Each structure stands twice: as C-alpha cells, then as structure tokens.
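Asks: Okay, here's the structure, questions in a sec.
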Amino acid sequence: MFDRWLGFNVHYYLQILGVFILSFGVPMNKVLMSIGTIWVFANIILKSDWKNYWKNWKSNLVFWFVVSMLLMHLIGLTYTNDFSYALNDLSSKLPLFAIPLALTAFPIEKRYIHIALYLFLTSVLITSSVNFYHLSAYKIEDYREFSRFGSHFRYALIVVTGILVAVYLWIEQKKQRAIYLVLILWFGYYTVISQVLNGYISFAFLSLAIFIFALKKIKKKWIRFSLVFLLLGGIISGFSYAYLTLKPTRSVHQLENLPIKSKHGEIYYHDTLSLWYENGTHIRSYIAENELVEAWDERSSVGFYTVFEDGYELRSILIRYMASKGLTKDKEGMKKMSDDDIANVEKGTSTILKTYPPIKRKIASFKNDVFQYVVGGNPNGNSFLQRIEHWRAAEGIINNNWIFGVGTGDVQEKFNEQYRIMNSQLHPDYWNRAHNQFLTFWVTFGVLGFVLFTGFWILYLIKNIRFNNLIGIGFTLIAISSFLSEDTIETQQGVTYIALFLSFCTMMNTAKTKNN
C-alpha cells in the first residue's frame, strides 16, 4: 500500500525496523516485544502482496508448523469447557503465529539480519550488566531474584543465545573478533554466576551445537568418526558421573538407633518425623541446645537467639549450617566449626553450600534437592522438586487422555484435579502445568499434538545441520533444552524469543538455498 503511494519499498524498511525492535526488545521488556510483533504482522497486512507471500510460504517447513499449531489450538476449542483460559492461551501464543508468518512471507536480507543480531547482543549486554550490578550492589543470594528482565529461567536461555550469536559473528567477521571474544567471555561468566540450572544445560546443548558445526567442516572421515566416538564417550562419562554424584546413599538418612545423649551428657533432641535435610544430613537430629548455646557464646558476640532482618533466627541458621557440614549440633560439633564458619552464620549464611564456587554450589544444591525428594521431603519452594510433581501430574493426565488430550482450555483445570487425586504435598499456589513443553502438548492435544510438535523440532534440527547453519543448530538445541524443563512458549518473553529466532534461522536458510 505505502509502496504504491510513495514510490519506493517503504514496507521493506518497515519490516526491517520491526525486526530491529523485536531483536532489541526480547531481552529488554514486554512493551518492545508487543510493539515489534504487531509491527511486522501489520506491515504484511498493509503490503498485501499475497501472491508472493504464498510463494514463500508453500515450501516453508516453519510456515506449515505454525499453521498446524494454530489449527490444533482452534480444534482444541471444540472439546474444551474453559473458554476464558483457552482464549488467554491463544492470546499468549500470538507471537508464535504472527512473527514467523510475517517474516517467512516477507523476509529481510542477511546484512539486516546481522544488524538485528548486533541489537540483540547490545540488549543482552545492557540487561546482563544491570543484573550483575543489582547482584553486586544488593548482595543477592537467591538466584531467582537475579534477573530484572523476566524469569531467570528464560533470561538464562537468552544469555546462552547471546553466546551463540557472538560465536557466529566471531566466525563471520574476523576484524571484530576481539569484541565478540569479550562478549563470549562475559556471557559465559554471567551464565556461571547466575546459577540457573537451565542455563548450564542450555550451555551444554550449545557446546554440542558448536561441535556438530565444527564436525561438518572436517572433510576427512576418520577424523570425524574419531571425534564422534569421543563425543559419545564424553556423553556416557557425563551421565555416569551425574548418576554416581546424585545417587542417594541410604546410610546417610537412616534414623534408627540414634544415641540418647551427647558426649558431654545432654539428652539429644531427635525429630525423626522431620524430612528436612541439608547436604545429605538430617537437620532436626543430634541437637543438644544447651551445649550449643554455651559453645556458641564462647565463639561469638552475636546472641544465639538473635533474629535477623529477614525474620530468620540465628539458632535455626546455625543448626542448618552445622548439618550442611555433617556435624552434630552440640559442643563437639561446635569445636569443628572454623572461624570462617562462625562468621558465615553471623552473616545469616544458612548452609556451607552457599560458600562454594557457583558451579560446585549448583551441583551440590541439585544433589541435595534430589536426595530431599527421594526421602519424601516437601517439594514446596524448590523449583526442581516442584517440577517432578508437575511431570507426575502430567503423566497422570496423559494416561487418561492420551489420544486427544484435554483441549485448549481445560489444561489448568485438569492439572488441579490431578494434584488432588495424587494427594500432592504441593501447595495450591504451585499447582502449575507440566513445565515441559513436550508433555504440555501431549496433555493439551493428545498424541498427535505431541508427535507434530516433537517431530518438527527434530526435522528442523536435521535441516539446520544439513545447511550447517550454526545459528540454526544452536538455537534449535537451546530451544529443545528449554522445552525439557519449561513451558517456554506459554510466556511472552519465551514465545517471542522462540518465534524471532525461528524466523532468523529460516530466513538464513532460505538465503543459502537461493545462493546455491
């Protein structure tokens, strides 16, 4: 429309501007994401070049994926009861439909995609720097409060994608390699200190993507075979290490034949009904409080019953901290507390795990979470344990609705019902959906929805490997890693991120096809 009025390609430049807004907006805020989504879709409506749109669409895998997703959601309305939830779900997924449809219909050139990637990196750099300042200035210990720009899970994916983009541009643009190297190191450091397990897993998947990309560049088959063999060996070793590290040992949580008195004669308090553990040690046992008060007062000027500003009592923090070190909570245990340990407790540090380096801390914390769940501990407030409950609930729903699913609108209602059937310990505030995108599609649309959704990502990965598109391989693997523990496309930042990079990869592959 505007092209005819003004006599030049106005809509093309409007499309570019819309992509720029989206690229800068995904790491930054919802307003820019919304503006960018509306912008690119409204632009193709106004241009109305449907003949060329269809020419670009008809042979495009992403187009048919988006159409199939939209049709499934609409068909799912025919056997749903909660239309309010269904319409809200459709509304939240609009970027998944709008952005790929717009950018596959009316793609932009590679040079402008590169500028969009610069803007994405700039936005990730700004937001990660603000987050780091917030962490340093306010001494935040809870990683869930680390991100100021959306969920820490989804922001972790965006930072890892920043590493992917920086690696890609490092390969493409040799003159600016020093800049991209700095960005790679910064985003890598940020991923480590943020302590988000999803970030670590996504980084592992990104490493696999870079390996696949490099492997495709090698011509000699025996070298490629050797590297694949080493990769498989590394994966098997990694899983073996994870199993041996996380496997609970029965001896550490047996609460039988406990001693009645401490070495110094005080009767121990043992709460054997409590299932609260720290670093594999039972917290509410081996407590000789009188001894502990006396021994603490000899080591510290801070009162044993002091209450900190956050409402926690030093007494409880000390007992948990000593448990995390595997100590009895008595005079003998206090003798084994170092001066640094005393200082940590005085500062309100509740576990020795918080003093570990970030990666070691996360592994130890994850091991503790697994152990806690195995012995029947309360999952409330623990993101990993809650996810296990979410997956169990999804499995129960699928068993009863595996063919057609529950429909677009009844997902949350069925989850609430399943938590009640399971008699889950989860508080109703945590009665969430599957936190696994593959399971969510099966719950919602049945086995066909699961097969279509899963099949697309496998085919898309194969397609990008065939093109040896580093951005495509990396993004697809990062997306898959996020789907394993998150309903990524159920939130605005997640679905906009997926839709935008899906479009980037498709436009890059289309350009390669034309060049060939």
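Each chain of the structure tokens is named A, B, ... in the order shown, its residues numbered from 1; ligands are numbered from 1 in display order.
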Residues within 9 Å of His435 of chain A, please, as a PyMOL selection string. Count only C-alpha atoms; anything in the same chain fewer than 6 positions from it doesn't count.
Replies: chain A and resi 387+390-391+483-488
Asks: Can you spit out the residues from that selection as a CSV table (one decimal), in the first residue's frame, using C-alpha atoms?
Replies:
chain,number,residue,atom,x,y,z
A,387,ARG,CA,8.9,-29.9,38.5
A,390,HIS,CA,4.4,-31.3,37.7
A,391,TRP,CA,5.7,-34.1,35.5
A,483,PHE,CA,11.3,-27.4,26.5
A,484,LEU,CA,12.6,-30.2,28.7
A,485,SER,CA,12.1,-28.2,31.9
A,486,GLU,CA,9.9,-25.3,30.9
A,487,ASP,CA,6.7,-24.4,29.1
A,488,THR,CA,8.8,-21.9,27.1
Asks: Hey, which of A:Trp402, A:Tyr497, A:Tyr430, A:Phe467 ends up closest to Met33 of chain A? Count only C-alpha atoms.
Replies: A:Tyr497
Asks: For a quick check of understanding, using only C-alpha atoms, which of A:Trp170, A:Phe106, A:Trp296, A:Trp276 has the smallest distance to Asn368 of chain A?
Replies: A:Trp276
Asks: Between A:Val62, A:Met334, A:Gln173, A:Glu309, which has the minimum distance to Leu96 of chain A (counting only C-alpha atoms)?
Replies: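 Of the candidates, the smallest distance to Leu96 of chain A is held by A:Val62.
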Asks: Of the candidates A:Ser91, A:Asn378, A:Ser128, A:Thr306, which one gets nearest to Leu318 of chain A if we count only C-alpha atoms?
Replies: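 The shortest atom-to-atom distance to Leu318 of chain A comes from A:Thr306.
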Asks: Here is a test: counting only C-alpha atoms, which residue of A:Thr328, A:Ser285, A:Thr351, A:Ser202 is nearest to Ser482 of chain A?
Replies: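 Ranked by minimum distance to Ser482 of chain A, first place goes to A:Ser202.
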Asks: Compile the contact shell of Val495 of chain A as a PyMOL selection string: residues with an atom at most 12 Å away, counting only C-alpha atoms, same-chain residues fewer than 5 positions apart removed.
Replies: chain A and resi 26+30+33-34+37+89-100+154+158+437+479+482-483+486-490+500-502
Asks: Pick the closest to Leu231 of chain A from A:Leu208, A:Leu426, A:Ile458, A:Leu197: which is it, counting only C-alpha atoms?
Replies: A:Leu208
Asks: From segment 266-377 of chain A, collect each residue whose DSSP state is helix (DSSP H, G or I) and return the set as a PyMOL selection string.
Replies: chain A and resi 289-299+314-324+331-335+339-346+352-355+358-374
